[in-house]
Amino acid sequence: MSRPSRRDFARLAGAAGAGAATAPLLGPFAIAQAELKVVVVGGGAGGATVAHYLKIGAPEIDVTLIEANPIYSSSFFSNPYLGGLRTLESLNHSYAGLRRLYVWVVNDIATDVNPARKTVRTRGGRTYTYDRLVLSPGIDIKYDAIAGYSPDAAARAMPHAYTTNAAQKRLLRHQLLQMHDGGTVAMVMPASPYRCPSAPYERACMIAHYLKTRKPRSKLVILDPKKEFSEQALFEEAFSRYYKGIIELNLSNEVDDFAVASLNPATREILTKAGKRVRADVANVIPPQRAGEIAAHAGCTDGDWCPIHPESFMSRNVPDVYVLGDAAVAADMPKSAFSANSQAKVVATDIIAALNNTDRSEPHYRDACWSLVAPDDSVKFSADYAPGGGKLVASNAFVSQPGEPADLRRQNYQDSVAWYASITADMFAKHARAPGPADAGRPSAPAEH
């Protein structure tokens with residue numbers, strides 16, 4: 001396989017626009033030892049990006065990406081789908097670009113890690129050895145955190161729609177479509193920490209938009225165990241401006257606790273600790289979350305999440321294992337696709353620097369998050385992050401303000417659409433070249449060990 005020039009690499013590193021160029025170039029390219037084996041578990045914004053940047057930075061590295069789903073269905077940008085503003089198909093992406101770079105994409109589920117032997121075992125019975133392991137497993141839902149909730153009947157009756165499971169998103173959308181005008185939608189918000197702090201409230205806006213335009217006699221009841229939430233002033237402004245009389249917000253306080261005490265999937269009745277009962281026609285229950293299960297099997301978790309060294313996202317618990325994205329404890333850096341994409345480039349840089357026995361570059365991270373509160377009205381949060389005092393410290397923070405002009409909010413939305421296109425192209429190497437004559441004879445699958 002021919003190696004990209006530094007100019008090519010710089011072009012690729014900027015392919016995701018504002019969401020991608022957060023790490024230095026992954027050089028130098030000279031490989032100082034025998035072929036390195038890297039196994040990546042999880043093919044989302046973190047794992048897919050690591051695989052991409054390892055292969056364009058050092059094509060000699062043997063990269064195996066273990067991902068259960070042959071098609072990735074993004075959670076980010078799925079809320080507009082629930083509001084009727086996007087199609088489900090627009091959220092789906094293949095791994096063809098990564099395969100063109102000779103990333104070995106294995107559609108299987110990683111079930112066990114042996115750090116002593118440096119092996120990963122899959123449900124399909126395969127075992128892969130690694131020199132470096134990258135875990136980007138996203139979140140698992142803590143079904144047992146709410147009495148009456150479960151991964152089967154309850155999740156079908158009251159879907160969370162909060163993972164890359166396309167069926168859950170489709171199910172929630174179908175329930176909204178089938179509900180009669182005048183029905184009640186209930187949203188159970190998660191306790192912190194959880195994936196993408198503003199996402200549940202963007203979802204509330206999108207569901208309320210659907211009700212307002214299609215079923216205007218209906219209402220949305222929000223039950224929140226928290227006293228406050230991310231970008232609260234912006235969302236409360238949107239609730240009042242666009243969805244007055246539709247959204248009922250119940251925030252917990254010293255007197256009333258709107259955390260869910262129990263729920264009944266058969267009747268869709270929800271009981272809060274404050275004693276409030278809601279009988280919902282559609283219920284979107286977003287339970288507490290934890291790092292994907294494989295992280296615990298690898299020994300990387302401390303409680304629900306994985307502590308990391310902020311300079312590299314190397315696990316604090318297990319050597320030669322990186323944990324990034326939603327599963328990692330990144331202090332004030334939100335769990336988001338933008339964050340995971342940024343962290344992935346630092347991880348790739350660190351692996352290649354270790355391979356070549358060169359000094360690590362000073363890491364820099366960035367996050368940005370857009371929330372669509374109504375058509376053409378998007379609010380934004382962004383910040384830079386750098387290691388300091390053993391954690392990631394934010395700087396240059398920006399957040400939209402209430403009362404901003406409509407043209408600014410419209411531009412935010414247009415920026416978010418452009419970002420989605422660029423980050424998914426970056427994650428999945430959509431502009432990677434097709435194999436050429438020099439690639440003849442390459443193996444067609446990763447070797448098992």
# chains A, B, ... in the order shown; residues from 1 in each chain; ligands from 1

$ closest_atom_pairs --of "region 310-370 of chain A" --to "region 194-208 of chain A" --cutoff "9 Å" --atoms "only C-alpha atoms" --output "JSON lines"
{"residue": "A:Asp326", "atom": "CA", "partner": "A:Arg195", "partner_atom": "CA", "distance": 6.3}
{"residue": "A:Pro334", "atom": "CA", "partner": "A:Cys196", "partner_atom": "CA", "distance": 6.4}
{"residue": "A:Lys335", "atom": "CA", "partner": "A:Arg195", "partner_atom": "CA", "distance": 5.1}
{"residue": "A:Ser336", "atom": "CA", "partner": "A:Cys196", "partner_atom": "CA", "distance": 5.0}
{"residue": "A:Ala337", "atom": "CA", "partner": "A:Cys196", "partner_atom": "CA", "distance": 8.3}
{"residue": "A:Cys369", "atom": "CA", "partner": "A:Ser198", "partner_atom": "CA", "distance": 8.2}
{"residue": "A:Trp370", "atom": "CA", "partner": "A:Ser198", "partner_atom": "CA", "distance": 8.7}

$ residues_around --residues "Arg409 (chain A)" --least-positions-apart "6" --cutoff "8 Å" --atoms "only C-alpha atoms" --output "list of chain:residue names"
A:Asp376, A:Asp377, A:Ser378, A:Val379

$ closest_residue --among "A:Asn412, A:Phe428, A:Arg170, A:Ala261" --to "Val105 (chain A)" --atoms "only C-alpha atoms"
A:Phe428

$ residues_around --residues "Tyr385 (chain A)" --least-positions-apart "5" --cutoff "9 Å" --atoms "only C-alpha atoms" --output "compact mmCIF listing (two decimals) with C-alpha atoms, in the first residue's frame"
# COMPACT_ATOMS: atom_id res chain seq x y z
CA ASP A 332 -15.75 18.58 32.40
CA MET A 333 -15.31 17.49 28.78
CA PRO A 363 -2.37 17.23 23.40
CA HIS A 364 -5.24 19.58 22.69
CA TYR A 365 -8.89 18.61 22.69
CA ARG A 366 -12.07 20.35 21.60
CA ASP A 367 -15.79 19.84 21.96
CA LEU A 392 -8.81 18.17 31.54
CA VAL A 393 -9.26 21.91 32.00
CA ALA A 394 -11.62 23.93 29.80
CA SER A 395 -10.77 27.23 28.14
CA ASN A 396 -12.23 29.49 25.44

$ residues_around --residues "His180 (chain A)" --least-positions-apart "4" --cutoff "10 Å" --atoms "only C-alpha atoms" --output "list in words"
Gln175, Leu176, Thr184, Lys215, Arg217, Ser218 and Asp281 of chain A

$ write_last_selection --atoms "N, CA and C atoms" --output "PDB file, in the first residue's frame"
ATOM      1  N   GLN A 175     -44.115   5.013  17.558  1.00  0.00           N
ATOM      2  CA  GLN A 175     -45.096   5.242  18.623  1.00  0.00           C
ATOM      3  C   GLN A 175     -45.647   6.660  18.579  1.00  0.00           C
ATOM      4  N   LEU A 176     -44.790   7.629  18.274  1.00  0.00           N
ATOM      5  CA  LEU A 176     -45.261   9.006  18.146  1.00  0.00           C
ATOM      6  C   LEU A 176     -46.243   9.146  16.977  1.00  0.00           C
ATOM      7  N   THR A 184     -50.636  11.891  25.594  1.00  0.00           N
ATOM      8  CA  THR A 184     -49.581  12.381  26.473  1.00  0.00           C
ATOM      9  C   THR A 184     -48.283  11.622  26.193  1.00  0.00           C
ATOM     10  N   LYS A 215     -49.937  17.018  16.015  1.00  0.00           N
ATOM     11  CA  LYS A 215     -50.921  16.585  17.011  1.00  0.00           C
ATOM     12  C   LYS A 215     -51.019  17.649  18.097  1.00  0.00           C
ATOM     13  N   ARG A 217     -53.130  18.943  20.060  1.00  0.00           N
ATOM     14  CA  ARG A 217     -53.862  18.816  21.322  1.00  0.00           C
ATOM     15  C   ARG A 217     -53.117  17.943  22.323  1.00  0.00           C
ATOM     16  N   SER A 218     -51.948  17.456  21.923  1.00  0.00           N
ATOM     17  CA  SER A 218     -51.154  16.583  22.789  1.00  0.00           C
ATOM     18  C   SER A 218     -50.214  17.400  23.670  1.00  0.00           C
ATOM     19  N   ASP A 281     -49.208   7.857  26.867  1.00  0.00           N
ATOM     20  CA  ASP A 281     -49.498   7.100  25.647  1.00  0.00           C
ATOM     21  C   ASP A 281     -48.205   6.695  24.955  1.00  0.00           C
TER      22      ASP A 281
END

$ select_by_dssp --residues "region 228-440 of chain A" --states "alpha helix (DSSP H)" --output "ChimeraX atom specification"
/A:232-242,293-297,337-356,406-427

$ write_last_selection --atoms "C-alpha atoms" --output "compact mmCIF listing (two decimals), in the first residue's frame"
# COMPACT_ATOMS: atom_id res chain seq x y z
CA GLN A 232 -31.08 25.32 30.80
CA ALA A 233 -31.80 28.99 30.09
CA LEU A 234 -31.68 28.37 26.34
CA PHE A 235 -34.02 25.41 26.47
CA GLU A 236 -36.46 27.10 28.83
CA GLU A 237 -36.53 30.03 26.42
CA ALA A 238 -37.38 27.61 23.59
CA PHE A 239 -40.02 25.84 25.69
CA SER A 240 -41.71 29.19 26.30
CA ARG A 241 -41.26 30.64 22.82
CA TYR A 242 -42.20 27.64 20.70
CA GLU A 293 -19.63 -3.68 29.31
CA ILE A 294 -16.37 -4.66 27.61
CA ALA A 295 -14.59 -1.88 29.52
CA ALA A 296 -15.44 -3.60 32.81
CA HIS A 297 -14.30 -6.98 31.45
CA ALA A 337 -19.33 12.69 19.27
CA PHE A 338 -17.22 15.82 18.82
CA SER A 339 -15.28 15.01 22.01
CA ALA A 340 -14.72 11.38 21.01
CA ASN A 341 -13.50 12.40 17.54
CA SER A 342 -11.06 14.86 19.11
CA GLN A 343 -9.82 12.37 21.70
CA ALA A 344 -9.34 9.71 19.02
CA LYS A 345 -6.78 11.81 17.17
CA VAL A 346 -4.73 12.26 20.32
CA VAL A 347 -4.87 8.48 20.92
CA ALA A 348 -3.70 7.78 17.37
CA THR A 349 -0.90 10.33 17.80
CA ASP A 350 0.17 8.66 21.04
CA ILE A 351 0.22 5.17 19.57
CA ILE A 352 2.32 6.22 16.58
CA ALA A 353 4.70 8.21 18.77
CA ALA A 354 5.20 5.14 20.97
CA LEU A 355 5.75 3.00 17.90
CA ASN A 356 8.44 5.34 16.60
CA ALA A 406 -32.83 34.55 14.19
CA ASP A 407 -30.14 34.79 11.51
CA LEU A 408 -27.44 33.77 14.03
CA ARG A 409 -29.47 30.78 15.16
CA ARG A 410 -30.08 29.85 11.50
CA GLN A 411 -26.35 29.99 10.83
CA ASN A 412 -25.76 27.74 13.84
CA TYR A 413 -28.08 25.20 12.29
CA GLN A 414 -26.36 25.37 8.92
CA ASP A 415 -22.99 24.95 10.65
CA SER A 416 -24.26 21.88 12.47
CA VAL A 417 -25.44 20.26 9.23
CA ALA A 418 -22.05 20.89 7.63
CA TRP A 419 -20.32 19.52 10.72
CA TYR A 420 -22.38 16.32 10.64
CA ALA A 421 -21.39 15.69 7.04
CA SER A 422 -17.73 16.38 7.73
CA ILE A 423 -17.38 14.38 10.95
CA THR A 424 -19.04 11.29 9.50
CA ALA A 425 -16.79 11.55 6.44
CA ASP A 426 -13.85 11.80 8.82
CA MET A 427 -14.93 8.91 11.03

$ closest_residue --among "A:Ser73, A:Asn250, A:Asn264, A:Thr213" --to "Ala167 (chain A)" --atoms "only C-alpha atoms"
A:Ser73

$ residues_around --residues "Ala186 (chain A)" --least-positions-apart "5" --cutoff "8 Å" --atoms "only C-alpha atoms" --output "list in words"
Leu220, Val221, Ile222, Leu223, Val278, Ala280, Asp281, Val282, Ala283, Asn284 and Val285 of chain A

$ write_last_selection --atoms "N, CA and C atoms" --output "short mmCIF file (atom, residue, chain, number, x, y, z; two decimals), in the first residue's frame"
data_model
loop_
_atom_site.label_atom_id
_atom_site.label_comp_id
_atom_site.auth_asym_id
_atom_site.auth_seq_id
_atom_site.Cartn_x
_atom_site.Cartn_y
_atom_site.Cartn_z
N LEU A 220 -46.39 17.12 26.28
CA LEU A 220 -45.16 16.41 26.64
C LEU A 220 -44.86 16.73 28.10
N VAL A 221 -44.77 15.69 28.92
CA VAL A 221 -44.46 15.83 30.34
C VAL A 221 -43.03 15.35 30.58
N ILE A 222 -42.21 16.23 31.11
CA ILE A 222 -40.81 15.90 31.39
C ILE A 222 -40.65 15.66 32.89
N LEU A 223 -40.10 14.50 33.24
CA LEU A 223 -39.80 14.13 34.63
C LEU A 223 -38.29 14.07 34.77
N VAL A 278 -47.92 9.66 36.11
CA VAL A 278 -48.16 10.04 34.73
C VAL A 278 -48.55 8.79 33.96
N ALA A 280 -48.85 7.63 30.41
CA ALA A 280 -48.39 8.10 29.11
C ALA A 280 -48.92 7.22 27.99
N ASP A 281 -49.21 7.86 26.87
CA ASP A 281 -49.50 7.10 25.65
C ASP A 281 -48.20 6.70 24.96
N VAL A 282 -47.19 7.55 25.07
CA VAL A 282 -45.83 7.25 24.59
C VAL A 282 -44.89 7.66 25.70
N ALA A 283 -43.96 6.78 26.03
CA ALA A 283 -42.99 7.07 27.09
C ALA A 283 -41.59 6.84 26.57
N ASN A 284 -40.77 7.88 26.65
CA ASN A 284 -39.35 7.79 26.31
C ASN A 284 -38.58 7.81 27.63
N VAL A 285 -38.13 6.64 28.05
CA VAL A 285 -37.44 6.50 29.33
C VAL A 285 -35.93 6.41 29.07
#

$ select_by_dssp --residues "region 119-212 of chain A" --states "strand (DSSP E)" --output "JSON, numbers by chain"
{"A": [119, 120, 121, 122, 127, 128, 129, 132, 133, 134, 135, 139, 140, 141, 184, 185, 186, 187, 188]}

$ write_last_selection --atoms "C-alpha atoms" --output "mmCIF file, in the first residue's frame"
data_model
loop_
_atom_site.group_PDB
_atom_site.id
_atom_site.type_symbol
_atom_site.label_atom_id
_atom_site.label_comp_id
_atom_site.auth_asym_id
_atom_site.auth_seq_id
_atom_site.Cartn_x
_atom_site.Cartn_y
_atom_site.Cartn_z
ATOM 1 C CA THR A 119 -6.035 -10.768 23.649
ATOM 2 C CA VAL A 120 -9.617 -9.840 22.832
ATOM 3 C CA ARG A 121 -12.248 -12.562 22.575
ATOM 4 C CA THR A 122 -15.475 -12.174 20.600
ATOM 5 C CA THR A 127 -9.439 -14.249 19.504
ATOM 6 C CA TYR A 128 -7.298 -11.307 18.435
ATOM 7 C CA THR A 129 -3.941 -10.335 19.899
ATOM 8 C CA ARG A 132 -2.249 -1.695 21.940
ATOM 9 C CA LEU A 133 -5.967 -1.919 22.635
ATOM 10 C CA VAL A 134 -8.375 0.990 22.120
ATOM 11 C CA LEU A 135 -11.755 0.736 23.815
ATOM 12 C CA ILE A 139 -22.570 3.463 26.853
ATOM 13 C CA ASP A 140 -24.629 0.657 28.266
ATOM 14 C CA ILE A 141 -28.058 1.340 29.731
ATOM 15 C CA THR A 184 -49.581 12.381 26.473
ATOM 16 C CA VAL A 185 -45.874 11.821 25.824
ATOM 17 C CA ALA A 186 -43.677 11.375 28.885
ATOM 18 C CA MET A 187 -39.911 11.811 28.925
ATOM 19 C CA VAL A 188 -37.890 10.423 31.835
#
